[in-house]
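To be precise, the following lines are query28.csv, and they hold CSV, C-alpha atoms.
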chain,number,residue,atom,x,y,z
A,1,MET,CA,0.0,0.0,0.0
A,2,THR,CA,1.4,3.4,-1.0
A,3,GLU,CA,0.0,6.5,0.6
A,4,SER,CA,0.6,10.2,1.1
A,5,SER,CA,-1.1,12.6,3.3
A,6,SER,CA,-0.8,16.3,3.9
A,7,HIS,CA,-2.4,19.3,5.6
A,8,HIS,CA,-2.1,22.5,3.7
A,9,ASP,CA,-3.1,26.1,4.6
A,10,SER,CA,-6.1,27.5,2.9
A,11,SER,CA,-8.1,30.7,3.3
A,12,SER,CA,-10.5,29.0,5.7
A,13,ASP,CA,-9.9,28.8,9.4
A,14,GLN,CA,-8.9,25.2,9.3
A,15,ALA,CA,-6.4,23.5,6.9
A,16,ALA,CA,-7.8,21.1,4.4
A,17,TRP,CA,-6.9,17.4,4.7
A,18,GLN,CA,-5.7,15.4,1.7
A,19,LYS,CA,-4.7,11.8,1.3
A,20,SER,CA,-4.1,9.5,-1.5
A,21,LEU,CA,-3.5,5.8,-1.3
A,22,ASP,CA,-3.9,2.5,-3.2
A,23,LEU,CA,-6.2,-0.1,-1.8
A,24,PRO,CA,-5.8,-3.8,-2.6
A,25,SER,CA,-8.6,-5.4,-4.5
A,26,GLU,CA,-10.0,-7.5,-1.7
A,27,ARG,CA,-13.3,-7.3,0.2
A,28,GLY,CA,-13.2,-5.1,3.2
A,29,ALA,CA,-10.2,-3.0,1.9
A,30,SER,CA,-12.3,0.2,2.3
A,31,ARG,CA,-11.6,0.1,6.0
A,32,LEU,CA,-8.0,1.1,5.2
A,33,ILE,CA,-9.2,4.7,4.5
A,34,MET,CA,-12.7,4.9,5.9
A,35,GLU,CA,-12.0,5.4,9.6
A,36,GLU,CA,-9.5,8.3,8.9
A,37,LEU,CA,-11.9,9.9,6.4
A,38,LEU,CA,-14.8,9.8,8.9
A,39,ASP,CA,-12.5,11.2,11.6
A,40,ARG,CA,-11.4,14.1,9.4
A,41,LEU,CA,-14.9,14.9,8.4
A,42,GLY,CA,-15.8,15.2,12.1
A,43,GLU,CA,-12.8,17.3,12.8
A,44,HIS,CA,-13.7,19.7,10.0
A,45,GLY,CA,-17.2,20.2,11.6
A,46,TRP,CA,-19.3,18.1,9.3
A,47,ALA,CA,-22.7,17.1,10.7
A,48,SER,CA,-23.4,13.5,11.4
A,49,ALA,CA,-26.0,13.2,8.7
A,50,ASP,CA,-23.5,14.5,6.1
A,51,ILE,CA,-20.9,12.1,7.4
A,52,PHE,CA,-23.3,9.2,7.1
A,53,SER,CA,-24.0,10.3,3.4
A,54,ILE,CA,-20.4,10.5,2.5
A,55,HIS,CA,-19.6,7.3,4.3
A,56,LEU,CA,-22.3,5.4,2.4
A,57,ALA,CA,-21.3,6.9,-1.0
A,58,ALA,CA,-17.6,6.3,-0.5
A,59,GLU,CA,-18.2,2.7,0.8
A,60,GLU,CA,-20.5,1.8,-2.2
A,61,ALA,CA,-18.1,3.3,-4.7
A,62,ILE,CA,-15.0,1.6,-3.3
A,63,VAL,CA,-16.8,-1.8,-3.1
A,64,ASN,CA,-18.0,-1.3,-6.8
A,65,ALA,CA,-14.4,-0.5,-7.8
A,66,ILE,CA,-13.0,-3.6,-6.0
A,67,VAL,CA,-15.7,-6.1,-7.0
A,68,HIS,CA,-17.1,-4.9,-10.3
A,69,GLY,CA,-14.1,-2.8,-11.6
A,70,ASN,CA,-11.1,-4.9,-10.6
A,71,LYS,CA,-13.1,-8.1,-10.2
A,72,LEU,CA,-11.2,-8.9,-7.0
A,73,ASP,CA,-7.9,-9.3,-9.0
A,74,ILE,CA,-5.1,-9.0,-6.4
A,75,ASP,CA,-2.8,-7.7,-9.1
A,76,LYS,CA,-5.0,-4.6,-9.5
A,77,LYS,CA,-5.3,-1.6,-7.1
A,78,VAL,CA,-8.0,0.9,-6.4
A,79,HIS,CA,-6.6,4.4,-6.2
A,80,VAL,CA,-8.4,6.7,-3.8
A,81,GLU,CA,-7.8,10.4,-3.4
A,82,CYS,CA,-9.5,12.3,-0.6
A,83,PHE,CA,-9.9,16.0,0.1
A,84,VAL,CA,-11.7,17.3,3.1
A,85,SER,CA,-12.2,21.0,4.0
A,86,PRO,CA,-14.9,22.5,6.3
A,87,THR,CA,-17.1,23.2,3.2
A,88,VAL,CA,-16.2,20.5,0.6
A,89,ALA,CA,-15.5,16.8,0.7
A,90,ARG,CA,-14.2,15.1,-2.4
A,91,ILE,CA,-13.3,11.5,-3.0
A,92,GLU,CA,-12.0,10.3,-6.3
A,93,ILE,CA,-11.9,6.5,-6.9
A,94,THR,CA,-10.1,4.9,-9.8
A,95,ASP,CA,-9.9,1.2,-10.6
A,96,GLU,CA,-8.0,-0.7,-13.2
A,97,GLY,CA,-11.0,-2.4,-14.8
A,98,ASP,CA,-12.6,-1.9,-18.2
A,99,GLY,CA,-15.1,0.7,-16.8
A,100,PHE,CA,-18.8,0.8,-17.0
A,101,ASN,CA,-21.6,3.1,-18.2
A,102,PRO,CA,-23.7,4.3,-15.2
A,103,LYS,CA,-26.6,4.6,-17.6
A,104,ASP,CA,-26.6,0.8,-18.1
A,105,VAL,CA,-27.4,0.3,-14.4
A,106,PRO,CA,-31.2,-0.5,-14.2
A,107,ASP,CA,-33.4,1.7,-12.1
A,108,CYS,CA,-33.9,-0.2,-8.9
A,109,THR,CA,-37.0,1.8,-7.9
A,110,GLN,CA,-39.1,0.5,-10.9
A,111,ASP,CA,-41.9,-1.7,-9.7
A,112,ASP,CA,-40.6,-4.8,-11.4
A,113,ARG,CA,-37.1,-4.3,-9.8
A,114,LEU,CA,-38.1,-3.2,-6.3
A,115,GLU,CA,-37.5,-6.6,-4.8
A,116,VAL,CA,-34.3,-7.4,-6.7
A,117,PRO,CA,-31.7,-7.7,-3.9
A,118,ASN,CA,-28.8,-5.9,-5.7
A,119,GLY,CA,-28.1,-2.8,-7.7
A,120,ARG,CA,-28.7,0.0,-5.3
A,121,GLY,CA,-25.3,1.3,-4.7
A,122,VAL,CA,-25.0,3.7,-7.7
A,123,MET,CA,-28.5,5.2,-6.9
A,124,LEU,CA,-27.5,5.8,-3.3
A,125,ILE,CA,-24.2,7.5,-4.3
A,126,HIS,CA,-26.1,9.9,-6.6
A,127,ASN,CA,-28.7,10.8,-4.1
A,128,PHE,CA,-26.3,11.3,-1.2
A,129,MET,CA,-23.6,13.4,-3.0
A,130,THR,CA,-23.8,16.9,-4.5
A,131,ARG,CA,-21.9,16.0,-7.6
A,132,VAL,CA,-21.0,12.6,-9.1
A,133,GLU,CA,-18.9,12.5,-12.3
A,134,TYR,CA,-17.4,9.5,-14.2
A,135,ASN,CA,-14.6,9.7,-16.6
A,136,GLU,CA,-15.3,8.6,-20.2
A,137,LYS,CA,-14.0,5.1,-19.7
A,138,GLY,CA,-16.1,4.6,-16.6
A,139,ASN,CA,-13.3,3.4,-14.3
A,140,ARG,CA,-13.0,6.6,-12.3
A,141,VAL,CA,-15.7,8.3,-10.2
A,142,LEU,CA,-15.5,11.7,-8.5
A,143,LEU,CA,-17.8,12.1,-5.5
A,144,GLU,CA,-18.3,15.6,-4.1
A,145,LYS,CA,-20.3,16.9,-1.2
A,146,VAL,CA,-20.7,20.6,-0.7
A,147,ARG,CA,-21.8,21.5,2.8
A,148,ASP,CA,-25.1,23.3,3.1
A,149,THR,CA,-24.7,26.9,4.3
B,1,MET,CA,-32.5,-22.4,20.1
B,2,ALA,CA,-29.9,-21.7,17.5
B,3,GLN,CA,-26.6,-19.9,18.2
B,4,TYR,CA,-26.3,-16.4,16.7
B,5,ARG,CA,-23.3,-14.1,16.2
B,6,ARG,CA,-24.8,-11.2,14.2
B,7,ILE,CA,-28.3,-11.1,15.7
B,8,GLY,CA,-30.1,-11.5,19.0
B,9,VAL,CA,-33.5,-13.2,19.0
B,10,THR,CA,-36.2,-13.0,21.6
B,11,GLN,CA,-39.8,-14.2,21.2
B,12,ASN,CA,-43.0,-12.3,22.1
B,13,ASN,CA,-46.1,-14.4,21.6
B,14,ASP,CA,-45.4,-15.9,18.2
B,15,VAL,CA,-43.2,-13.0,16.9
B,16,ALA,CA,-39.4,-13.4,16.7
B,17,ILE,CA,-37.9,-10.0,17.7
B,18,VAL,CA,-34.5,-9.6,16.1
B,19,SER,CA,-31.9,-7.1,17.2
B,20,PHE,CA,-28.6,-6.5,15.4
B,21,ASN,CA,-25.2,-7.0,17.1
B,22,ASP,CA,-23.3,-4.7,14.7
B,23,LYS,CA,-23.6,-1.0,14.8
B,24,LYS,CA,-22.3,-0.8,11.2
B,25,ILE,CA,-23.5,-3.5,8.8
B,26,LEU,CA,-21.1,-3.2,5.9
B,27,ASP,CA,-18.4,-5.8,6.1
B,28,GLU,CA,-19.0,-8.4,3.3
B,29,ALA,CA,-18.3,-11.4,5.5
B,30,SER,CA,-20.5,-10.2,8.3
B,31,ILE,CA,-23.3,-9.5,5.9
B,32,GLN,CA,-23.1,-13.0,4.5
B,33,GLU,CA,-23.2,-14.4,8.1
B,34,LEU,CA,-26.1,-12.0,8.9
B,35,GLY,CA,-28.0,-13.2,5.9
B,36,ALA,CA,-27.6,-16.8,6.8
B,37,GLU,CA,-28.7,-16.2,10.4
B,38,LEU,CA,-31.8,-14.2,9.3
B,39,PHE,CA,-32.8,-16.8,6.6
B,40,GLY,CA,-32.4,-19.5,9.2
B,41,LEU,CA,-35.2,-18.0,11.2
B,42,VAL,CA,-37.5,-18.7,8.3
B,43,GLU,CA,-36.0,-21.8,6.9
B,44,GLN,CA,-34.9,-23.8,10.0
B,45,GLN,CA,-36.7,-22.2,12.9
B,46,LYS,CA,-39.9,-21.9,10.9
B,47,MET,CA,-40.7,-18.5,12.5
B,48,GLY,CA,-43.7,-17.0,10.8
B,49,ASP,CA,-43.7,-13.4,12.1
B,50,ILE,CA,-40.5,-11.5,12.4
B,51,LEU,CA,-39.8,-8.0,13.8
B,52,LEU,CA,-36.4,-6.4,13.0
B,53,ASN,CA,-35.5,-3.8,15.6
B,54,PHE,CA,-32.9,-1.4,14.2
B,55,THR,CA,-32.2,0.4,17.5
B,56,ASN,CA,-28.5,-0.5,17.5
B,57,VAL,CA,-27.9,0.1,13.8
B,58,GLU,CA,-26.1,3.2,12.8
B,59,PHE,CA,-25.0,2.3,9.2
B,60,LEU,CA,-25.9,-0.2,6.6
B,61,SER,CA,-24.7,-0.7,3.0
B,62,SER,CA,-26.6,-1.7,-0.1
B,63,ALA,CA,-25.3,-5.3,0.3
B,64,ALA,CA,-27.1,-5.4,3.7
B,65,LEU,CA,-30.3,-4.0,2.0
B,66,GLY,CA,-30.1,-7.0,-0.4
B,67,LYS,CA,-30.2,-9.4,2.5
B,68,LEU,CA,-33.3,-7.6,4.0
B,69,ILE,CA,-35.0,-7.8,0.6
B,70,THR,CA,-34.3,-11.5,0.3
B,71,LEU,CA,-35.5,-12.1,3.9
B,72,ASP,CA,-38.7,-10.2,3.2
B,73,ARG,CA,-39.3,-12.4,0.1
B,74,LYS,CA,-38.7,-15.6,2.1
B,75,VAL,CA,-41.0,-14.5,4.9
B,76,LYS,CA,-43.8,-13.6,2.4
B,77,ALA,CA,-43.3,-16.9,0.5
B,78,SER,CA,-43.8,-18.8,3.8
B,79,LYS,CA,-46.9,-16.8,4.5
B,80,GLY,CA,-45.3,-15.0,7.4
B,81,ARG,CA,-45.1,-11.3,8.1
B,82,MET,CA,-42.1,-9.1,8.6
B,83,LYS,CA,-41.9,-5.6,10.1
B,84,MET,CA,-39.2,-3.2,11.0
B,85,CYS,CA,-38.9,-0.6,13.8
B,86,ASN,CA,-36.6,1.9,15.5
B,87,ILE,CA,-35.0,3.0,12.3
B,88,ARG,CA,-32.9,6.1,12.6
B,89,PRO,CA,-33.6,9.0,10.1
B,90,GLU,CA,-30.4,8.5,8.0
B,91,ILE,CA,-31.2,4.8,7.4
B,92,PHE,CA,-34.9,5.6,6.8
B,93,GLU,CA,-33.7,8.0,4.1
B,94,VAL,CA,-31.8,5.1,2.5
B,95,PHE,CA,-35.1,3.2,2.4
B,96,GLN,CA,-36.9,6.2,0.9
B,97,ILE,CA,-34.3,6.8,-1.9
B,98,THR,CA,-34.5,3.1,-2.9
B,99,LYS,CA,-38.3,3.1,-2.4
B,100,LEU,CA,-37.9,0.1,-0.1
B,101,ASN,CA,-40.2,1.9,2.3
B,102,LYS,CA,-42.9,0.7,0.0
B,103,VAL,CA,-41.8,-2.9,0.2
B,104,PHE,CA,-41.1,-3.0,3.9
B,105,ASP,CA,-43.6,-2.6,6.7
B,106,ILE,CA,-41.8,0.1,8.8
B,107,ARG,CA,-43.2,1.0,12.3
B,108,LYS,CA,-42.0,3.5,14.8
B,109,ASP,CA,-41.2,1.2,17.7
B,110,GLU,CA,-41.7,-2.3,19.1
B,111,THR,CA,-45.0,-1.4,20.7
B,112,GLU,CA,-46.5,-0.1,17.5
B,113,ALA,CA,-45.1,-3.0,15.5
B,114,MET,CA,-46.5,-5.6,18.0
B,115,THR,CA,-49.9,-3.9,17.9
B,116,ALA,CA,-49.8,-4.1,14.1
B,117,PHE,CA,-49.1,-7.9,14.2
B,118,GLY,CA,-52.3,-8.1,16.3

Serialized structure, structure tokens:
Amino acid sequence: MTESSSHHDSSSDQAAWQKSLDLPSERGASRLIMEELLDRLGEHGWASADIFSIHLAAEEAIVNAIVHGNKLDIDKKVHVECFVSPTVARIEITDEGDGFNPKDVPDCTQDDRLEVPNGRGVMLIHNFMTRVEYNEKGNRVLLEKVRDT
Amino acid sequence: MAQYRRIGVTQNNDVAIVSFNDKKILDEASIQELGAELFGLVEQQKMGDILLNFTNVEFLSSAALGKLITLDRKVKASKGRMKMCNIRPEIFEVFQITKLNKVFDIRKDETEAMTAFG
């Protein structure tokens, strides 16, 4: 695992936190970043409901990258970049898979799919974050939450 | 009575009241185990009515939602009833976004749920 972490001065009262690291493509690897991310959100004054939203979105996106992107291939990494300030939280997740088209994920809220057990992660990510962007290939997702003022 | 690691089970009349041992239900292996224990209530213990009490649960992932959906289907298939209660607002929002609040019978607390079982 490679990682780098830094605090840098910004115009706000509190320095933003940044960290980038590579996660192994194995189940449960999100814990290598999640606890610190949640701690930093708390330190930067984010409300517990927002922390819940960011936690859920980041967890779902990292699991998707590990399981669907890298297909649990131990030779592939999931690269995660985090940025947390008092007003913005941003998490960029890149896998080494072939990518996917988010439009191909069926709408889990349609009546005929309501009781299908899987396929809810992407919808939750979009609902809980302010901005969600994929690269053209579909192997990188940017999650951004802007704090309500 | 079966041994459980992920849940606690008590019985009130003919209703199995289930509590969750994990505050955060997100680890893949734990979710598999949780699913097996929940499904066992229907398939081995032959419990008809099940009440899931979420008092202890602070976080759950979409994989955990999948287990709840499958459990609900198993309960309905065996002509039982499943209800949920004590769900905190953040998790209720997850159910609303995914429209699972239309699939699941969600009640405020145990008293209200038990009254609904009748």

What are the residues of chain B lining chain A at 10 Å or less? Count all atoms listed in the file, and put the answer as a PyMOL selection string. chain B and resi 26-29+58-73+89-91+93-100+102-103

For atom CA of B:Val75 and atom CA of B:Val57, determine how far apart the two atoms are, in Å to one decimal place.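 Between atom CA of B:Val75 and atom CA of B:Val57 the gap works out to 21.5 Å.
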
Which residues are close to B:Asn56, i.e. within 8 Å by all atoms listed in the file, leaving aside same-chain residues fewer than 4 positions away? Reply as an NGL selection string. :B and (19-23)

For the point (-24.6, 20.8, -2.1) in file coordinates, what residues are within 8 Å, counting only C-alpha atoms? Give the answer as number ranges by chain? A: 129-131, 145-148

For those residues, write C-alpha atoms to a file as a compact mmCIF listing (two decimals), in the frame of the given file.
# COMPACT_ATOMS: atom_id res chain seq x y z
CA MET A 129 -23.60 13.40 -3.00
CA THR A 130 -23.80 16.90 -4.50
CA ARG A 131 -21.90 16.00 -7.60
CA LYS A 145 -20.30 16.90 -1.20
CA VAL A 146 -20.70 20.60 -0.70
CA ARG A 147 -21.80 21.50 2.80
CA ASP A 148 -25.10 23.30 3.10

Show which residues sit within 8 Å of B:Asn53, as a CSV table (one decimal) with C-alpha atoms, in the coordinates of the input. Count only C-alpha atoms, and ignore same-chain residues fewer than 3 positions away.
chain,number,residue,atom,x,y,z
B,17,ILE,CA,-37.9,-10.0,17.7
B,18,VAL,CA,-34.5,-9.6,16.1
B,19,SER,CA,-31.9,-7.1,17.2
B,20,PHE,CA,-28.6,-6.5,15.4
B,56,ASN,CA,-28.5,-0.5,17.5
B,84,MET,CA,-39.2,-3.2,11.0
B,85,CYS,CA,-38.9,-0.6,13.8
B,86,ASN,CA,-36.6,1.9,15.5
B,87,ILE,CA,-35.0,3.0,12.3
B,109,ASP,CA,-41.2,1.2,17.7
B,110,GLU,CA,-41.7,-2.3,19.1

Would you work out the distance separating atom CA of A:Lys71 from atom CA of A:Asn139, expressed in Å to one decimal? 12.2 Å

Enumerate, as a PyMOL selection string, the protein, DNA and RNA residues whose atoms approach (-40.9, -9.6, 6.4) to within 8 Å, taking into account only C-alpha atoms and the coordinate frame of the file. chain B and resi 49-51+71-76+80-83+104-105

Mind pulling up the distance from atom CA of A:Asp22 to atom CA of A:Ile66?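 Rounded to one decimal, the two atoms are 11.3 Å apart.
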
Among listed residues A:Pro106, A:Gly99, A:Gly42, A:Gly69, nearest A:Pro86 (using all atoms listed in the file): A:Gly42

Nearest-residue call for A:Pro102, choices A:Ser5, A:Asn64, A:Gln14, A:Ser20, using only C-alpha atoms: A:Asn64

What lies within 10 Å of A:Asp98 using all atoms listed in the file, ignoring chain neighbours under 2 positions off, as number ranges by chain? A: 68-70, 95-96, 100, 137-139

Next, dump the selected residues to file, keeping only C-alpha atoms, as a tab-separated table (two decimals), in the coordinates of the input.
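File produced: result-v7.tsv:
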chain	number	residue	atom	x	y	z
A	68	HIS	CA	-17.10	-4.90	-10.30
A	69	GLY	CA	-14.10	-2.80	-11.60
A	70	ASN	CA	-11.10	-4.90	-10.60
A	95	ASP	CA	-9.90	1.20	-10.60
A	96	GLU	CA	-8.00	-0.70	-13.20
A	100	PHE	CA	-18.80	0.80	-17.00
A	137	LYS	CA	-14.00	5.10	-19.70
A	138	GLY	CA	-16.10	4.60	-16.60
A	139	ASN	CA	-13.30	3.40	-14.30

My list of candidates is B:Leu38, B:Glu43, B:Lys108, B:Gln11. Which is closest to B:Thr55 when distances are computed with only C-alpha atoms?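 With only C-alpha atoms as the atom set, the closest residue is B:Lys108.
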
Could you rebuild stretch 13-35 of chain A with N, CA and C atoms and give me the result as a PDB file, keeping the file's coordinate frame?
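Output contents, as saved in out00.pdb:
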ATOM      1  N   ASP A  13     -10.489  28.807   8.081  1.00  0.00           N
ATOM      2  CA  ASP A  13      -9.900  28.800   9.400  1.00  0.00           C
ATOM      3  C   ASP A  13      -9.051  27.502   9.605  1.00  0.00           C
ATOM      4  N   GLN A  14      -9.508  26.447   8.978  1.00  0.00           N
ATOM      5  CA  GLN A  14      -8.900  25.200   9.300  1.00  0.00           C
ATOM      6  C   GLN A  14      -8.299  24.590   7.987  1.00  0.00           C
ATOM      7  N   ALA A  15      -7.100  24.083   8.095  1.00  0.00           N
ATOM      8  CA  ALA A  15      -6.400  23.500   6.900  1.00  0.00           C
ATOM      9  C   ALA A  15      -7.190  22.340   6.365  1.00  0.00           C
ATOM     10  N   ALA A  16      -7.201  22.243   5.058  1.00  0.00           N
ATOM     11  CA  ALA A  16      -7.800  21.100   4.400  1.00  0.00           C
ATOM     12  C   ALA A  16      -6.958  19.862   4.626  1.00  0.00           C
ATOM     13  N   TRP A  17      -7.593  18.704   4.552  1.00  0.00           N
ATOM     14  CA  TRP A  17      -6.900  17.400   4.700  1.00  0.00           C
ATOM     15  C   TRP A  17      -6.908  16.733   3.327  1.00  0.00           C
ATOM     16  N   GLN A  18      -5.780  16.209   2.915  1.00  0.00           N
ATOM     17  CA  GLN A  18      -5.700  15.400   1.700  1.00  0.00           C
ATOM     18  C   GLN A  18      -4.994  14.156   1.898  1.00  0.00           C
ATOM     19  N   LYS A  19      -5.442  13.119   1.209  1.00  0.00           N
ATOM     20  CA  LYS A  19      -4.700  11.800   1.300  1.00  0.00           C
ATOM     21  C   LYS A  19      -4.959  11.055   0.037  1.00  0.00           C
ATOM     22  N   SER A  20      -3.923  10.415  -0.437  1.00  0.00           N
ATOM     23  CA  SER A  20      -4.100   9.500  -1.500  1.00  0.00           C
ATOM     24  C   SER A  20      -3.470   8.167  -1.189  1.00  0.00           C
ATOM     25  N   LEU A  21      -4.119   7.089  -1.578  1.00  0.00           N
ATOM     26  CA  LEU A  21      -3.500   5.800  -1.300  1.00  0.00           C
ATOM     27  C   LEU A  21      -4.106   4.743  -2.280  1.00  0.00           C
ATOM     28  N   ASP A  22      -3.398   3.627  -2.399  1.00  0.00           N
ATOM     29  CA  ASP A  22      -3.900   2.500  -3.200  1.00  0.00           C
ATOM     30  C   ASP A  22      -4.381   1.415  -2.302  1.00  0.00           C
ATOM     31  N   LEU A  23      -5.594   0.953  -2.615  1.00  0.00           N
ATOM     32  CA  LEU A  23      -6.200  -0.100  -1.800  1.00  0.00           C
ATOM     33  C   LEU A  23      -6.032  -1.439  -2.602  1.00  0.00           C
ATOM     34  N   PRO A  24      -5.795  -2.540  -1.901  1.00  0.00           N
ATOM     35  CA  PRO A  24      -5.800  -3.800  -2.600  1.00  0.00           C
ATOM     36  C   PRO A  24      -7.207  -4.223  -2.998  1.00  0.00           C
ATOM     37  N   SER A  25      -7.294  -5.030  -4.055  1.00  0.00           N
ATOM     38  CA  SER A  25      -8.600  -5.400  -4.500  1.00  0.00           C
ATOM     39  C   SER A  25      -9.148  -6.621  -3.778  1.00  0.00           C
ATOM     40  N   GLU A  26      -9.434  -6.399  -2.501  1.00  0.00           N
ATOM     41  CA  GLU A  26     -10.000  -7.500  -1.700  1.00  0.00           C
ATOM     42  C   GLU A  26     -11.141  -6.905  -0.849  1.00  0.00           C
ATOM     43  N   ARG A  27     -12.084  -7.779  -0.554  1.00  0.00           N
ATOM     44  CA  ARG A  27     -13.300  -7.300   0.200  1.00  0.00           C
ATOM     45  C   ARG A  27     -12.831  -6.744   1.541  1.00  0.00           C
ATOM     46  N   GLY A  28     -13.496  -5.667   1.929  1.00  0.00           N
ATOM     47  CA  GLY A  28     -13.200  -5.100   3.200  1.00  0.00           C
ATOM     48  C   GLY A  28     -12.059  -4.060   3.189  1.00  0.00           C
ATOM     49  N   ALA A  29     -11.417  -3.868   2.011  1.00  0.00           N
ATOM     50  CA  ALA A  29     -10.200  -3.000   1.900  1.00  0.00           C
ATOM     51  C   ALA A  29     -10.606  -1.520   2.201  1.00  0.00           C
ATOM     52  N   SER A  30     -11.878  -1.158   2.061  1.00  0.00           N
ATOM     53  CA  SER A  30     -12.300   0.200   2.300  1.00  0.00           C
ATOM     54  C   SER A  30     -11.936   0.702   3.699  1.00  0.00           C
ATOM     55  N   ARG A  31     -11.841  -0.256   4.629  1.00  0.00           N
ATOM     56  CA  ARG A  31     -11.600   0.100   6.000  1.00  0.00           C
ATOM     57  C   ARG A  31     -10.181   0.793   6.155  1.00  0.00           C
ATOM     58  N   LEU A  32      -9.295   0.556   5.161  1.00  0.00           N
ATOM     59  CA  LEU A  32      -8.000   1.100   5.200  1.00  0.00           C
ATOM     60  C   LEU A  32      -7.976   2.657   5.089  1.00  0.00           C
ATOM     61  N   ILE A  33      -9.063   3.208   4.583  1.00  0.00           N
ATOM     62  CA  ILE A  33      -9.200   4.700   4.500  1.00  0.00           C
ATOM     63  C   ILE A  33     -10.367   5.220   5.228  1.00  0.00           C
ATOM     64  N   MET A  34     -11.402   4.398   5.439  1.00  0.00           N
ATOM     65  CA  MET A  34     -12.700   4.900   5.900  1.00  0.00           C
ATOM     66  C   MET A  34     -12.642   5.580   7.266  1.00  0.00           C
ATOM     67  N   GLU A  35     -11.979   4.909   8.191  1.00  0.00           N
ATOM     68  CA  GLU A  35     -12.000   5.400   9.600  1.00  0.00           C
ATOM     69  C   GLU A  35     -11.347   6.817   9.617  1.00  0.00           C
TER      70      GLU A  35
END
